[in-house]
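Have a look at the structure below, then the notes.
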4 protein chains.
Amino acid sequence: MAKQLTYGMVGGGPDAFIGAAHRKAIALDSSAKLVAGVFSRTAEKSRKMAELLYLDKERCYGSYAEMAEKEAAREDGIDFVVVVTPNESHYDICKTFLQNGIHVACDKPVTVSYEQARELEELAKEKGLLFMVTYTYTGYVTMKYARDAIRDGLIGDVRAVMAEYPQGWLAKEGDFGGKQGEWRCDPKRSGAVNCLGDLGTHVENAVATLTGLKIKRVLAKMDCIVPGRVLDDNDSVLVEFDNGATGIYWTSQIAFGADNSLRIRIYGSKGTILWFQESAEKITVISEDGTIREIHRGYPEIGEKAAKYGRLPSGHPEGWIEAMGNLYRSFTECLNAKLDGTFDESMIDYPTVEAGAEGLAFVEACLKSSQNGNVWVEL
Amino acid sequence: MAKQLTYGMVGGGPDAFIGAAHRKAIALDSSAKLVAGVFSRTAEKSRKMAELLYLDKERCYGSYAEMAEKEAAREDGIDFVVVVTPNESHYDICKTFLQNGIHVACDKPVTVSYEQARELEELAKEKGLLFMVTYTYTGYVTMKYARDAIRDGLIGDVRAVMAEYPQGWLAKEGDFGGKQGEWRCDPKRSGAVNCLGDLGTHVENAVATLTGLKIKRVLAKMDCIVPGRVLDDNDSVLVEFDNGATGIYWTSQIAFGADNSLRIRIYGSKGTILWFQESAEKITVISEDGTIREIHRGYPEIGEKAAKYGRLPSGHPEGWIEAMGNLYRSFTECLNAKLDGTFDESMIDYPTVEAGAEGLAFVEACLKSSQNGNVWVEL
Amino acid sequence: MAKQLTYGMVGGGPDAFIGAAHRKAIALDSSAKLVAGVFSRTAEKSRKMAELLYLDKERCYGSYAEMAEKEAAREDGIDFVVVVTPNESHYDICKTFLQNGIHVACDKPVTVSYEQARELEELAKEKGLLFMVTYTYTGYVTMKYARDAIRDGLIGDVRAVMAEYPQGWLAKEGDFGGKQGEWRCDPKRSGAVNCLGDLGTHVENAVATLTGLKIKRVLAKMDCIVPGRVLDDNDSVLVEFDNGATGIYWTSQIAFGADNSLRIRIYGSKGTILWFQESAEKITVISEDGTIREIHRGYPEIGEKAAKYGRLPSGHPEGWIEAMGNLYRSFTECLNAKLDGTFDESMIDYPTVEAGAEGLAFVEACLKSSQNGNVWVEL
Amino acid sequence: MAKQLTYGMVGGGPDAFIGAAHRKAIALDSSAKLVAGVFSRTAEKSRKMAELLYLDKERCYGSYAEMAEKEAAREDGIDFVVVVTPNESHYDICKTFLQNGIHVACDKPVTVSYEQARELEELAKEKGLLFMVTYTYTGYVTMKYARDAIRDGLIGDVRAVMAEYPQGWLAKEGDFGGKQGEWRCDPKRSGAVNCLGDLGTHVENAVATLTGLKIKRVLAKMDCIVPGRVLDDNDSVLVEFDNGATGIYWTSQIAFGADNSLRIRIYGSKGTILWFQESAEKITVISEDGTIREIHRGYPEIGEKAAKYGRLPSGHPEGWIEAMGNLYRSFTECLNAKLDGTFDESMIDYPTVEAGAEGLAFVEACLKSSQNGNVWVEL
């Protein structure tokens, strides 16, 4: 029987949405047990959080460096760390844990530059450590199905991709979307991008996951629409893939009425696949002869490889936390395999640091394109 | 700070869908920690399950009676028990735990007769114990919103209710839907009803929750449609409520293409509310002047009382496990309040054994109506 | 080449919605040319209407009796009459035209009693005249497809039918829905039924058309919900078909938010068909193995027999007037065949007076059931 | 009382889809009566068509030039001509009728170059003649509503436009979509564009109609995706409007599963409007505070100016022919006003030749952009 894995968390204090989400996603399937953490830069806040989470006091640390070192030294030290701090700190934190021989799961974007991401990728490889970047949307069963189906030729060659990810939470003038919005719209904390970094990387990753294609070049128009902003809040990107396929990526934070509307439509030489995040329990597949089928998460067509992540029969909706939970299920399965010596690369069914690096390459190319007057930039 | 509650489980062995669902729903929010159990009638199976769940060996018991007694005797004994065994055993098990002073959460239907349910209700009251019946669908945020909105007069007086709950998993001739289907279609194990007991009780409870109305009388046509069956697999029920409103309840297991399609439409004197389980992240509200609004789980209109159960912003789907988790959040909140002496009845925001008894009264009346040639039967 | 058919109209004055609709439906495909009429009981109004329609003055008659007689006497007399007067007058008018040897298209319900309808049926047969009753919804291409598909066994034996037709236009207290509503809610003008006569007959006809089944017996609960009304405005009907299948028909005028929401769901032993009037450009077909297909009006699956009624490629919506136009296309095709001697009964692809009579049998049985305390009544 | 207008048609022979559509759209409301025509270049075919349409033989002409001249000379000559020939012939035909003093309704695109269109615009103005270009989609009641609502400030300033128009009929390799497809994909007959000319002009016109904005510049990527083609079959266009708003226009003929999926989403500073052609009976309006409303064609919110085009209550679907019919209703209303001297420009509620010219300017700019490596081109 598999050992119960344990993990520590950096970030995820009392008001942090994403940290709590990761904890729920892991707890849902008892994938691992939280035993250590640094939940805030403020020691007091961190302690309070640790208490709420019923942690041993001694494993609530003063800094991530201390945590990495001490947990690495313990016989019962954490199996992996979950990094859910603001983006600019990911690089240092992840590097520290890798250097201490601890596997890493980090929120996206994995770093704030392509260079940093590549460095972490190298380091993880060198150390033989697993490194997951939590692109949540790739965890959905229907997305896994679509990925497998496309690779198996269900829709033939991919010809065109229409991908969009509008949100509306930053649409109001004078409203920077609360704490999270302020941070995202502040160039000091977010660097040169806002919307494209947050949403564009999800789009890039989802399309790459689904199609298996590499982007050859991009032409981006990054707009800053709401008066008072200095970073992009609406982005239009033309994409050319290595197989010659064409694409449009649209991301926005100013679309009143859009909650979290990631939608990907993939048009191939033998059919079409439509995957919409907000209704990801179902997926639409259209074949060459015009047959339009609606396939549900729990249906036989889904195939074993994707279906194994389902927990409930169709019609009992699974959602976003379940999708993230699926990432952790594969990650901890791989970890267990590492521990008992049965691991091999083909087992990986979660987004890795390599995918994280590709996201940053995409963002950097778009930025260059936009700054140079919307010209093509190779990746 | 609140104590970490602990619970034990009766049922929920390796192949049991519903037991795993309860554990996930509780784990999702760390509402309580599983520390004891009898997971199967077969000792070996039960032990194996306990091991998979990382339980102390000594708290994996040979029988529910032993468990009730021993846990009651421990200083750190379980705070509550979760009963997820086949229906006919609920009564004895729940009674035993109540008699040992342990709070109960039991899957629906709470018992197989109204009389039994009323007895448990009395016993729980007498002992001052909490008793939740897990009608999962009442846990959805949008259903809570609708309930509150209707009570606050948003759609005026309820005039008509169209409620339906079709499934298709038992539609095939010669196919009894695997293990679960066989059990449900077997009069020896299910008693006199199949479909109406499983789905009809959900419908009854959901409508009662939403409208606050009592059923005055029913006229039921319970059909056994698929050749080879002896219990109902499709039921049509005409309903009259105490305020004079009219209703139709339809439940079915023979509806090819329906997964789990609980849909409730409530027509009032000042508007309409449409709530559909499979898309419960959204709810439609129509007002007297014809304005059709789509309200999302995370929107301000939802109101604090319901919104507090949401975990994620709108557009990040929550589903069925989250709905069940919401029941446990209220249940454990009440339990904590019991422990620190702040509990009062108005805190209860989960379905109680009383609701469970009403469900059985409904089933018994329908059965009588159907057996007597589809005549009106008072509840 | 076919002769251009001509027709006359009784009813359809300046404020009459349904008369204008018939004229548009006929004009759409130039199925026939309007050349005569009595458009109102008031001579002045009738003349005015005739003028607006560019009619010869001499063919604007003072009474339907005069029109029937004089048109019958003309060499170039009308080929058929369209009767779009209030229901209670249908019988006399239709009878007069039949007696004068003129083919009839009459709005539904064809008469106000089953007996009358049967008499007209006999008379038409005796005279060898065509008699169409314009149940518009049977004109939709997708309904024709479904009818053919069901007869060809696509979903096996029909087991259960869920049919509903809610509207909301009479939901407001104190509001009798304008001129049309006042008339419908007035027992002096509508007889003993309102909602069931208007909407229930459509439901009955649509289900009969689709399934080819006869109703064996009904159990009806006809409610008068809005205070101040004396006729039914919400009806629940349990139905048993001659093959043993079961059904629920729900019709309502008090459903705020429902425009004209005729929806029919047919569950068979090998699949399901879902047909919804408000989105009749598409139809959903589910097969035994769970495959859910969405078929569009213009797709090859539709089959020649139904597809020939389409005018535009899929995605160019056709609607209600087109559906009615389809009835007139078949009616005038049959008429032309009558004229050139090629007619045979199997050409009829429109609802006949026989279907009209069945609708009245249904209404009369429901009324009897409801008046006798919701008991079963055989048809 | 208004005179019954008459019209002639050039094009619209036996196999021509669009000619029949225009005739139906005009007949639907008896907007005018067809009395003359040249239906084909082949005299025989033309005569046959005239016969099918019950036309006077003498008004079936051998050429459009003859028709223009003779009809102009008749006292009862046609009031207007409908031009539904292949695109490259529009210019000559329209010019001839204008020169003969006859009003013109021409299918889109009005000509094959911007210069030609401007010349016709000038000529019509000079002659004081009406010139409609039948952009059908602007005839929908909900589009008229949206146009009015946006101009009245319902969604504030337009900030971003997402417009798309995918079809799938040319997606198959080796399949040029029958007769119509062959013509569209043939540079000899279609000039330099296929998809963008057919669909892009609709998108351009619909957005211009809705927003009232002018395009400042475009950046287009016109792709020829299906092997064997030489003209574009998938186009991505970035758009900048004169008020600084941004847009993406996507048109495609290779999207398996898309019938005729024109969808326009307009994001403003105070809300959002979503208009989808295939479900144009409803429109979604989202306000600044997040309220999502679904407004139906026949609802009071639609406003008198748009609502007057509706023929049926909501829930009785109107479609594409009705939309085109609406164009002709306004056109013939204006014509009647011309005839009785009450016309003024503000009455025009149909797309004019000016709008036609703008469409060609858009196409020409896109073509230039695409040929020059996807650079910005000013309009």
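Ligands are numbered from 1 in the order shown, chains are lettered A, B, ... in the order of the structure tokens, and residues start at 1 in each chain.
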
Cut-off 10 Å: closest chain B/chain A atom pairs per residue, using only C-alpha atoms, as a tab-separated table:
residue	atom	partner	partner_atom	distance
B:Met1	CA	A:Leu52	CA	7.4
B:Ala2	CA	A:Leu52	CA	8.3
B:Lys3	CA	A:Tyr54	CA	9.0
B:Gln4	CA	A:Tyr54	CA	7.5
B:Phe17	CA	A:Leu312	CA	7.9
B:Ile18	CA	A:Leu312	CA	9.3
B:Ala20	CA	A:Arg311	CA	8.9
B:Ala21	CA	A:Leu312	CA	8.0
B:Arg23	CA	A:Leu28	CA	8.3
B:Lys24	CA	A:Leu28	CA	5.0
B:Ala25	CA	A:Leu28	CA	7.2
B:Ile26	CA	A:Leu28	CA	8.3
B:Ala27	CA	A:Leu28	CA	5.6
B:Leu28	CA	A:Leu28	CA	4.6
B:Asp29	CA	A:Lys24	CA	6.3
B:Ser30	CA	A:Ala27	CA	7.5
B:Lys48	CA	A:Met1	CA	9.9
B:Glu51	CA	A:Met1	CA	8.3
B:Leu52	CA	A:Met1	CA	7.4
B:Leu53	CA	A:Ser30	CA	8.6
B:Tyr54	CA	A:Gln4	CA	7.5
B:Gln167	CA	A:Gly315	CA	9.0
B:Ala258	CA	A:Gly315	CA	8.1
B:Asp259	CA	A:Gly315	CA	4.8
B:Asn260	CA	A:Gly315	CA	4.6
B:Ser261	CA	A:Gly315	CA	6.8
B:Leu262	CA	A:Gly315	CA	9.2
B:Gln277	CA	A:Gly315	CA	8.2
B:Glu278	CA	A:Gly315	CA	5.8
B:Ser279	CA	A:Pro317	CA	8.0
B:Ala280	CA	A:Pro317	CA	8.8
B:Glu281	CA	A:Glu278	CA	9.2
B:His296	CA	A:Asp259	CA	9.1
B:Gly298	CA	A:Asp259	CA	9.4
B:Tyr299	CA	A:Asp259	CA	9.9
B:Arg311	CA	A:Ala21	CA	8.0
B:Leu312	CA	A:Phe17	CA	7.9
B:Pro313	CA	A:Asp259	CA	8.0
B:Ser314	CA	A:Asp259	CA	5.8
B:Gly315	CA	A:Asn260	CA	4.6
B:His316	CA	A:Trp320	CA	5.4
B:Pro317	CA	A:Gly319	CA	4.6
B:Glu318	CA	A:Gly319	CA	4.9
B:Gly319	CA	A:Pro317	CA	4.6
B:Trp320	CA	A:Pro317	CA	5.3
B:Ile321	CA	A:Glu318	CA	7.4
B:Glu322	CA	A:Glu318	CA	8.6
B:Ala323	CA	A:Pro317	CA	9.8

Inset, instruction - Find the residues near Ser63 in chain C: any atom within 9 Å, counting only C-alpha atoms, skip ones fewer than 5 places away on the same chain, and give them as a ChimeraX atom specification. - result: /C:10,37-38,40-41,43,68

Inset, instruction - State, in Å with one decimal place, the distance from CA of Val203 in chain D to CA of Asn326 in chain D. - result: 18.9 Å

Inset, instruction - Find, counting only C-alpha atoms, the residue in B:Lys127, B:Lys270, B:Lys188, B:Arg329 that gets nearest to Gly257 in chain C. - result: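 Ranking B:Lys127, B:Lys270, B:Lys188, B:Arg329 by distance to Gly257 in chain C, first place goes to B:Lys270.
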
Legend entry - One-decimal distance in Å that lies between CA of Val230 in chain D and CA of Lys368 in chain D: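 The value is 16.5 Å.
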
Legend entry - Expected answer as a ChimeraX atom specification: helix (DSSP H, G or I) residues in range 18-208 of chain B: /B:18-28,43-52,57-59,64-73,87-99,114-127,136-139,141-151,178-184,187-190,195-208

Inset, instruction - Enter the distance from CA of Cys334 in chain D to CA of Leu55 in chain C, in Å, rounded to one decimal. - result: 23.5 Å

Inset, instruction - Would you list the contacts of range 69-85 of chain C as a VMD selection string, taking every protein, DNA or RNA residue within 9 Å and counting only C-alpha atoms, but skipping same-chain residues closer than 4 positions in sequence? - result: chain C and resid 5 to 12 16 18 to 19 22 32 34 to 37 39 to 40 59 64 to 65 89 to 90 93 to 94 96 to 97 100 to 108 130 335

Write out, as an mmCIF file, in the first residue's frame, the residues just selected, with C-alpha atoms.
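File produced: selection_30.cif:
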data_model
loop_
_atom_site.group_PDB
_atom_site.id
_atom_site.type_symbol
_atom_site.label_atom_id
_atom_site.label_comp_id
_atom_site.auth_asym_id
_atom_site.auth_seq_id
_atom_site.Cartn_x
_atom_site.Cartn_y
_atom_site.Cartn_z
ATOM 1 C CA LEU C 5 -54.606 28.236 -57.048
ATOM 2 C CA THR C 6 -56.855 30.867 -55.534
ATOM 3 C CA TYR C 7 -58.456 31.081 -52.138
ATOM 4 C CA GLY C 8 -60.894 33.049 -50.093
ATOM 5 C CA MET C 9 -60.809 33.889 -46.421
ATOM 6 C CA VAL C 10 -63.493 34.058 -43.752
ATOM 7 C CA GLY C 11 -62.264 36.105 -40.802
ATOM 8 C CA GLY C 12 -58.858 37.762 -40.645
ATOM 9 C CA ALA C 16 -56.849 39.621 -36.276
ATOM 10 C CA ILE C 18 -54.203 34.644 -36.996
ATOM 11 C CA GLY C 19 -55.744 35.689 -40.290
ATOM 12 C CA HIS C 22 -52.354 32.493 -42.618
ATOM 13 C CA ALA C 32 -52.193 30.319 -53.652
ATOM 14 C CA LEU C 34 -56.151 35.479 -52.178
ATOM 15 C CA VAL C 35 -59.072 36.588 -54.351
ATOM 16 C CA ALA C 36 -62.170 36.612 -52.164
ATOM 17 C CA GLY C 37 -63.231 37.133 -48.566
ATOM 18 C CA PHE C 39 -63.043 39.626 -43.288
ATOM 19 C CA SER C 40 -65.375 40.893 -40.633
ATOM 20 C CA ARG C 59 -65.433 39.352 -54.332
ATOM 21 C CA TYR C 64 -69.824 33.611 -45.692
ATOM 22 C CA ALA C 65 -72.973 31.978 -47.005
ATOM 23 C CA SER C 89 -68.370 29.690 -35.713
ATOM 24 C CA HIS C 90 -66.064 27.183 -37.436
ATOM 25 C CA ILE C 93 -68.846 28.072 -41.876
ATOM 26 C CA CYS C 94 -66.926 24.942 -42.780
ATOM 27 C CA THR C 96 -71.454 25.693 -45.698
ATOM 28 C CA PHE C 97 -68.321 25.679 -47.843
ATOM 29 C CA ASN C 100 -70.915 24.150 -51.801
ATOM 30 C CA GLY C 101 -68.130 21.833 -52.897
ATOM 31 C CA ILE C 102 -65.256 24.006 -51.748
ATOM 32 C CA HIS C 103 -62.143 22.603 -50.046
ATOM 33 C CA VAL C 104 -61.491 23.884 -46.538
ATOM 34 C CA ALA C 105 -58.504 24.914 -44.412
ATOM 35 C CA CYS C 106 -59.656 25.770 -40.910
ATOM 36 C CA ASP C 107 -57.826 27.035 -37.879
ATOM 37 C CA LYS C 108 -57.790 24.780 -34.860
ATOM 38 C CA LEU C 130 -59.872 18.154 -48.674
ATOM 39 C CA LEU C 335 -55.314 20.277 -54.320
#

Inset, instruction - Any chance you could list, as a list of chain:residue names, the residues in range 24-191 of chain C that come up strand (DSSP E) when DSSP is run on the backbone? - result: C:Lys33, C:Leu34, C:Val35, C:Ala36, C:Gly37, C:Val38, C:Phe80, C:Val81, C:Val82, C:Val83, C:Val84, C:His103, C:Val104, C:Ala105, C:Cys106, C:Phe131, C:Met132, C:Val133, C:Val158, C:Arg159, C:Ala160, C:Val161, C:Met162, C:Ala163, C:Glu164, C:Tyr165, C:Pro166

Legend entry - Who sits within 10 Å of Tyr135 in chain C, only C-alpha atoms, same chain under 3 positions skipped, as a list in words: Cys106, Asp107, Lys108, Pro109, Val110, Met132, Thr138, Gly139, Thr201, His202, Val203, Asn205, Ala206, Ala323, Met324, Leu327, Tyr350, Pro351, Thr352, Ala355 and Gly356 of chain C

Inset, instruction - Compare C:Glu354, C:Glu240, C:Asp233, C:Glu364 by their minimum atom-to-atom distance to Ala117 in chain C, counting only C-alpha atoms, and give me the closest one. - result: C:Glu354

Legend entry - Closest of D:Asp232, D:Glu294, D:Glu115, D:Glu358 to Ala220 in chain D - atom-to-atom distances counting only C-alpha atoms: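 Smallest distance to Ala220 in chain D is found for D:Asp232.
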